[in-house]
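Asks: This is the content of target-v9.tsv (TSV, C-alpha atoms):
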```
chain	number	residue	atom	x	y	z
A	1	SER	CA	1.29	-12.93	1.10
A	2	THR	CA	3.91	-10.20	1.52
A	3	SER	CA	6.39	-12.70	2.94
A	4	LEU	CA	5.64	-15.07	0.09
A	5	PHE	CA	5.72	-12.51	-2.76
A	6	GLY	CA	8.13	-9.95	-1.31
A	7	GLY	CA	11.49	-11.61	-1.78
A	8	ASN	CA	14.12	-9.16	-0.49
A	9	TYR	CA	11.32	-6.73	0.33
A	10	GLU	CA	9.27	-9.00	2.59
A	11	ASP	CA	10.15	-6.57	5.40
A	12	GLN	CA	8.10	-3.60	4.24
A	13	ILE	CA	10.10	-1.07	6.25
A	14	LEU	CA	12.84	-1.50	3.64
A	15	ILE	CA	10.43	-0.24	0.96
A	16	ILE	CA	9.28	2.68	3.08
A	17	GLU	CA	12.85	3.68	3.92
A	18	ARG	CA	13.92	3.40	0.29
A	19	LEU	CA	11.03	5.58	-0.90
A	20	SER	CA	11.65	8.12	1.86
A	21	ILE	CA	15.38	8.43	1.17
A	22	PHE	CA	14.87	8.48	-2.58
A	23	SER	CA	12.13	11.10	-2.53
A	24	LYS	CA	13.80	13.36	0.05
A	25	ASP	CA	11.61	16.43	0.50
A	26	ASN	CA	10.08	16.18	-2.99
A	27	TRP	CA	7.41	13.59	-2.17
A	28	ILE	CA	5.20	12.73	0.74
A	29	VAL	CA	5.07	9.00	1.41
A	30	VAL	CA	1.74	7.86	2.82
A	31	VAL	CA	1.76	4.41	4.39
A	32	LYS	CA	-1.47	2.49	4.78
A	33	GLU	CA	-1.31	-1.07	5.92
A	34	ASN	CA	-3.66	-3.83	4.90
A	35	PRO	CA	-6.41	-4.09	7.55
A	36	PHE	CA	-5.43	-7.74	8.01
A	37	GLN	CA	-1.86	-6.84	9.00
A	38	THR	CA	-1.02	-8.29	12.38
A	39	SER	CA	1.88	-7.51	14.68
A	40	PHE	CA	4.11	-9.77	12.54
A	41	GLN	CA	7.24	-7.72	11.73
A	42	ARG	CA	5.71	-4.76	13.59
A	43	ASP	CA	7.67	-4.59	16.80
A	44	LYS	CA	8.50	-1.28	18.50
A	45	PHE	CA	11.59	-0.86	16.30
A	46	PHE	CA	9.47	-0.89	13.15
A	47	PHE	CA	7.55	2.16	14.34
A	48	LYS	CA	10.66	3.77	15.79
A	49	ARG	CA	12.33	3.53	12.38
A	50	LEU	CA	9.23	5.04	10.78
A	51	ASN	CA	9.34	8.00	13.17
A	52	TYR	CA	12.77	9.00	11.83
A	53	LEU	CA	11.41	9.38	8.31
A	54	LYS	CA	10.17	12.96	8.20
A	55	ASN	CA	8.34	12.70	4.85
A	56	VAL	CA	6.47	9.51	5.81
A	57	PHE	CA	2.96	9.58	7.21
A	58	PHE	CA	1.21	6.52	8.59
A	59	VAL	CA	-2.59	6.51	8.15
A	60	ASP	CA	-5.19	4.36	9.84
A	61	SER	CA	-5.78	1.05	8.07
A	62	THR	CA	-9.54	1.59	8.15
A	63	ILE	CA	-9.33	4.61	5.85
A	64	ASN	CA	-10.69	3.88	2.39
A	65	SER	CA	-7.73	3.28	0.04
A	66	LYS	CA	-9.57	4.91	-2.84
A	67	SER	CA	-9.64	8.26	-1.04
A	68	ILE	CA	-5.85	8.15	-0.74
A	69	LEU	CA	-5.39	6.87	-4.29
A	70	ASP	CA	-7.54	9.68	-5.69
A	71	ILE	CA	-5.00	12.27	-4.51
A	72	SER	CA	-1.86	10.21	-5.14
A	73	ASP	CA	0.47	10.46	-8.11
A	74	LEU	CA	1.62	6.84	-7.86
A	75	THR	CA	1.57	3.95	-5.45
A	76	ALA	CA	4.04	1.39	-4.20
A	77	SER	CA	3.32	-2.09	-2.95
A	78	VAL	CA	4.91	-5.48	-2.57
A	79	ALA	CA	2.11	-7.22	-4.45
A	80	GLY	CA	-1.08	-5.72	-3.06
A	81	THR	CA	-4.42	-4.95	-4.64
A	82	ILE	CA	-3.64	-1.22	-4.44
A	83	GLY	CA	-1.35	-1.64	-7.46
A	84	PHE	CA	-4.22	-3.09	-9.49
A	85	GLU	CA	-6.56	-0.33	-8.28
A	86	THR	CA	-3.91	2.24	-9.27
A	87	LEU	CA	-3.75	0.89	-12.80
A	88	LEU	CA	-7.54	1.03	-13.08
A	89	GLN	CA	-7.28	4.76	-12.34
A	90	ASN	CA	-4.68	5.21	-15.11
A	91	LYS	CA	-1.93	5.89	-12.59
A	92	LYS	CA	1.49	4.33	-12.12
A	93	THR	CA	2.59	1.88	-9.48
A	94	LEU	CA	5.90	0.61	-8.17
A	95	VAL	CA	5.93	-3.10	-7.37
A	96	PHE	CA	8.53	-4.46	-4.99
A	97	GLY	CA	7.43	-8.09	-5.14
A	98	ASN	CA	5.93	-10.70	-7.40
A	99	ALA	CA	2.53	-9.14	-8.11
A	100	TRP	CA	0.29	-10.79	-10.71
A	101	TYR	CA	0.11	-7.45	-12.58
A	102	LYS	CA	3.86	-6.73	-12.45
A	103	ASN	CA	4.34	-6.89	-16.24
A	104	CYS	CA	1.53	-4.48	-17.09
A	105	HIS	CA	2.08	-1.10	-18.70
A	106	GLY	CA	2.22	1.50	-15.91
A	107	VAL	CA	4.15	-0.75	-13.52
A	108	LEU	CA	7.81	-0.49	-12.60
A	109	LYS	CA	9.11	-3.70	-11.03
A	110	VAL	CA	11.61	-2.52	-8.43
A	111	ASN	CA	14.43	-4.73	-7.20
A	112	ASP	CA	17.81	-4.20	-5.54
A	113	LYS	CA	19.35	-3.17	-8.86
A	114	THR	CA	16.71	-0.57	-9.76
A	115	THR	CA	18.33	2.85	-9.56
A	116	ASP	CA	16.82	6.02	-8.19
A	117	GLU	CA	17.15	7.49	-11.68
A	118	GLU	CA	15.01	4.68	-13.12
A	119	ILE	CA	12.32	5.31	-10.51
A	120	LEU	CA	12.38	9.05	-11.14
A	121	SER	CA	12.23	8.54	-14.91
A	122	PHE	CA	9.29	6.17	-14.49
A	123	ALA	CA	7.50	8.56	-12.13
A	124	SER	CA	7.75	11.41	-14.63
A	125	SER	CA	6.88	9.32	-17.71
A	126	ASN	CA	3.50	9.18	-19.42
A	127	ILE	CA	1.41	6.05	-19.52
A	128	GLU	CA	-1.36	5.05	-21.89
A	129	LYS	CA	-4.68	3.94	-20.48
A	130	SER	CA	-5.35	1.67	-23.47
A	131	LYS	CA	-2.09	-0.23	-22.92
A	132	ILE	CA	-2.90	-0.68	-19.23
A	133	PHE	CA	-6.34	-2.07	-20.01
A	134	ASP	CA	-5.01	-4.29	-22.81
A	135	ASP	CA	-2.47	-5.80	-20.42
A	136	LEU	CA	-5.01	-6.26	-17.63
A	137	TYR	CA	-7.55	-7.74	-20.04
A	138	ASN	CA	-5.00	-10.30	-21.27
A	139	ILE	CA	-4.32	-11.39	-17.69
A	140	ILE	CA	-7.90	-11.38	-16.45
A	141	SER	CA	-9.26	-13.16	-19.53
A	142	SER	CA	-7.18	-16.20	-18.55
A	143	CYS	CA	-8.66	-16.26	-15.02
A	144	TYR	CA	-11.79	-17.84	-13.63
A	145	ASP	CA	-14.75	-15.62	-12.80
A	146	GLY	CA	-15.57	-14.87	-9.18
A	147	LEU	CA	-14.24	-12.98	-6.22
A	148	ILE	CA	-12.50	-14.78	-3.36
A	149	HIS	CA	-11.73	-11.96	-0.90
A	150	VAL	CA	-15.22	-10.50	-0.99
A	151	LYS	CA	-15.01	-8.27	2.07
A	152	ASP	CA	-11.92	-6.45	0.78
A	153	ASN	CA	-12.65	-6.27	-2.92
A	154	LYS	CA	-16.37	-6.13	-3.62
A	155	HIS	CA	-16.11	-2.34	-3.98
A	156	LEU	CA	-14.25	-2.99	-7.24
A	157	TYR	CA	-17.42	-4.44	-8.80
A	158	GLU	CA	-20.61	-2.61	-9.62
A	159	ASN	CA	-23.81	-4.34	-8.43
A	160	PHE	CA	-21.91	-7.12	-6.67
A	161	ASP	CA	-24.18	-10.07	-5.83
A	162	HIS	CA	-22.83	-12.29	-3.03
A	163	ASP	CA	-25.03	-15.32	-3.84
A	164	GLU	CA	-24.23	-15.17	-7.55
A	165	ASN	CA	-20.51	-14.90	-6.75
A	166	SER	CA	-20.66	-17.90	-4.37
A	167	THR	CA	-22.38	-20.04	-7.00
A	168	LEU	CA	-19.81	-19.00	-9.60
A	169	ILE	CA	-16.87	-19.93	-7.33
A	170	VAL	CA	-18.33	-23.35	-6.53
A	171	GLU	CA	-19.00	-24.05	-10.23
A	172	ASN	CA	-15.48	-23.01	-11.18
A	173	ILE	CA	-13.90	-25.25	-8.55
A	174	TYR	CA	-16.14	-28.14	-9.57
A	175	ASN	CA	-15.31	-27.72	-13.27
A	176	PHE	CA	-11.58	-27.38	-12.53
A	177	ILE	CA	-11.55	-30.64	-10.54
A	178	LYS	CA	-13.64	-32.41	-13.16
A	179	LYS	CA	-11.40	-31.23	-15.99
A	180	ASN	CA	-8.03	-31.77	-14.32
A	181	PHE	CA	-8.67	-34.85	-12.25
A	182	ASN	CA	-11.46	-36.58	-14.24
A	183	LYS	CA	-13.61	-36.80	-11.11
A	184	GLU	CA	-17.39	-36.67	-10.93
A	185	PHE	CA	-19.20	-35.84	-7.73
```
Translate this file's structure into structure tokens.

Replies:
Amino acid sequence: STSLFGGNYEDQILIIERLSIFSKDNWIVVVKENPFQTSFQRDKFFFKRLNYLKNVFFVDSTINSKSILDISDLTASVAGTIGFETLLQNKKTLVFGNAWYKNCHGVLKVNDKTTDEEILSFASSNIEKSKIFDDLYNIISSCYDGLIHVKDNKHLYENFDHDENSTLIVENIYNFIKKNFNKEF
């Protein structure tokens, strides 16, 4: 998904280097990869480049993201779920790709033209929880119910029921096909 949604930032080392150079010694940049990340774009030069960034720390991908988020001031992602989780905690996130939540309050969409001053101003600005939730509600209310990536995201839902979720997904797909293609099964 990073390659698809990342545009100029599909190579995540560019984001990490930009954050490291921008933040100098003022911030610590913690990098946690998605547990599904493979060796794609992770040759020895990727890690060699990371080693030169003195304020960057790479953590194990099995560490719970919430524990890192709890002590973070803001997050950065191409289009990952961590940005959504950040907003739910009333914190800010930098988005370097085409994330579904990119236009929400509390998000700065970063591109090649975004200046360091804009990032710094955003990082030090205040955000309003009600605006975040209004924006997220408007997006989510137009979506179907159900959770596709259960293993990764069920922690976001209280009392998650796998069987109920499966039934909901099947019903949604059935109703979508019926509505859009006039097909009965």

Asks: Please identify all polymer residues within 8 Å of Cys104 in chain A, counting only C-alpha atoms, omitting same-chain residues fewer than 4 positions from it, and present them as a ChimeraX atom specification.

Replies: /A:132,135-136

Asks: What is the CA of Phe84 in chain A to CA of Lys54 in chain A distance in Å?

Replies: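 Computing it gives 27.9 Å between the two atoms.
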
Asks: Got a sec: who's within 9 Å of Ile13 in chain A, counting only C-alpha atoms, leaving out chain neighbours fewer than 4 positions off, as JSON, numbers by chain?

Replies: {"A": [9, 17, 18, 46, 49, 50]}

Asks: Just give me the gap between CA of Tyr137 in chain A and CA of Ser121 in chain A in Å, one decimal is fine.

Replies: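 Value for the CA of Tyr137 in chain A-CA of Ser121 in chain A distance: 26.1 Å.
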
Asks: May I have the residues within 6 Å of range 91-95 of chain A as a ChimeraX atom specification, using only C-alpha atoms and disregarding those fewer than 6 positions away in the same chain?

Replies: /A:74-78,83,106-110

Asks: Please produce a file of the residues just selected, as a compact mmCIF listing (two decimals), in the coordinates of the input, where the atoms kept are C-alpha atoms.

Replies:
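Written out: part-v5.txt:
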```txt
# COMPACT_ATOMS: atom_id res chain seq x y z
CA LEU A 74 1.62 6.84 -7.86
CA THR A 75 1.57 3.95 -5.45
CA ALA A 76 4.04 1.39 -4.20
CA SER A 77 3.32 -2.09 -2.95
CA VAL A 78 4.91 -5.48 -2.57
CA GLY A 83 -1.35 -1.64 -7.46
CA GLY A 106 2.22 1.50 -15.91
CA VAL A 107 4.15 -0.75 -13.52
CA LEU A 108 7.81 -0.49 -12.60
CA LYS A 109 9.11 -3.70 -11.03
CA VAL A 110 11.61 -2.52 -8.43
```

Asks: In Å, how far is it from CA of Ile71 in chain A to CA of Thr114 in chain A?

Replies: 25.8 Å

Asks: Could you tell me, as JSON, numbers by chain, which residues have any atom at most 7 Å from (11.1, -9.4, -10.1), counting only C-alpha atoms?

Replies: {"A": [97, 98, 109, 111]}

Asks: Write the residues of the preceding selection, restricted to C-alpha atoms, as a compact mmCIF listing (two decimals), in the coordinates of the input.

Replies:
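Result saved to part.txt:
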```txt
# COMPACT_ATOMS: atom_id res chain seq x y z
CA GLY A 97 7.43 -8.09 -5.14
CA ASN A 98 5.93 -10.70 -7.40
CA LYS A 109 9.11 -3.70 -11.03
CA ASN A 111 14.43 -4.73 -7.20
```

Asks: What's around Asn26 in chain A at 12 Å? Count all atoms listed in the file, leave out sequence neighbours fewer than 6 positions away in its own chain, and write the answer as an MDAnalysis selection string.

Replies: chainID A and resid 19:20 54:56 120

Asks: Please list as a PyMOL selection string every residue within 9 Å of Leu69 in chain A, counting only C-alpha atoms and excluding residues in the same chain fewer than 2 positions away.

Replies: chain A and resi 65-67+71-75+82+85-86+89

Asks: Keeping only C-alpha atoms, write the selected residues to a file as an mmCIF file, in the frame of the given file.

Replies:
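Writing done, so here's selection01.cif:
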```cif
data_model
loop_
_atom_site.group_PDB
_atom_site.id
_atom_site.type_symbol
_atom_site.label_atom_id
_atom_site.label_comp_id
_atom_site.auth_asym_id
_atom_site.auth_seq_id
_atom_site.Cartn_x
_atom_site.Cartn_y
_atom_site.Cartn_z
ATOM 1 C CA SER A 65 -7.730 3.280 0.040
ATOM 2 C CA LYS A 66 -9.570 4.910 -2.840
ATOM 3 C CA SER A 67 -9.640 8.260 -1.040
ATOM 4 C CA ILE A 71 -5.000 12.270 -4.510
ATOM 5 C CA SER A 72 -1.860 10.210 -5.140
ATOM 6 C CA ASP A 73 0.470 10.460 -8.110
ATOM 7 C CA LEU A 74 1.620 6.840 -7.860
ATOM 8 C CA THR A 75 1.570 3.950 -5.450
ATOM 9 C CA ILE A 82 -3.640 -1.220 -4.440
ATOM 10 C CA GLU A 85 -6.560 -0.330 -8.280
ATOM 11 C CA THR A 86 -3.910 2.240 -9.270
ATOM 12 C CA GLN A 89 -7.280 4.760 -12.340
#
```

Asks: Ranking A:Leu88, A:Asp161, A:Lys24, A:Asn126 by minimum distance to Asp70 in chain A and counting all atoms listed in the file, which one comes first?

Replies: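 Smallest distance to Asp70 in chain A is found for A:Leu88.
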
Asks: Using all atoms listed in the file, which residue out of A:Asn159, A:Thr115, A:Asn90, A:Asn103 lies closest to Ile127 in chain A?

Replies: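 Of A:Asn159, A:Thr115, A:Asn90, A:Asn103, the one nearest Ile127 in chain A, counting all atoms listed in the file, is A:Asn90.
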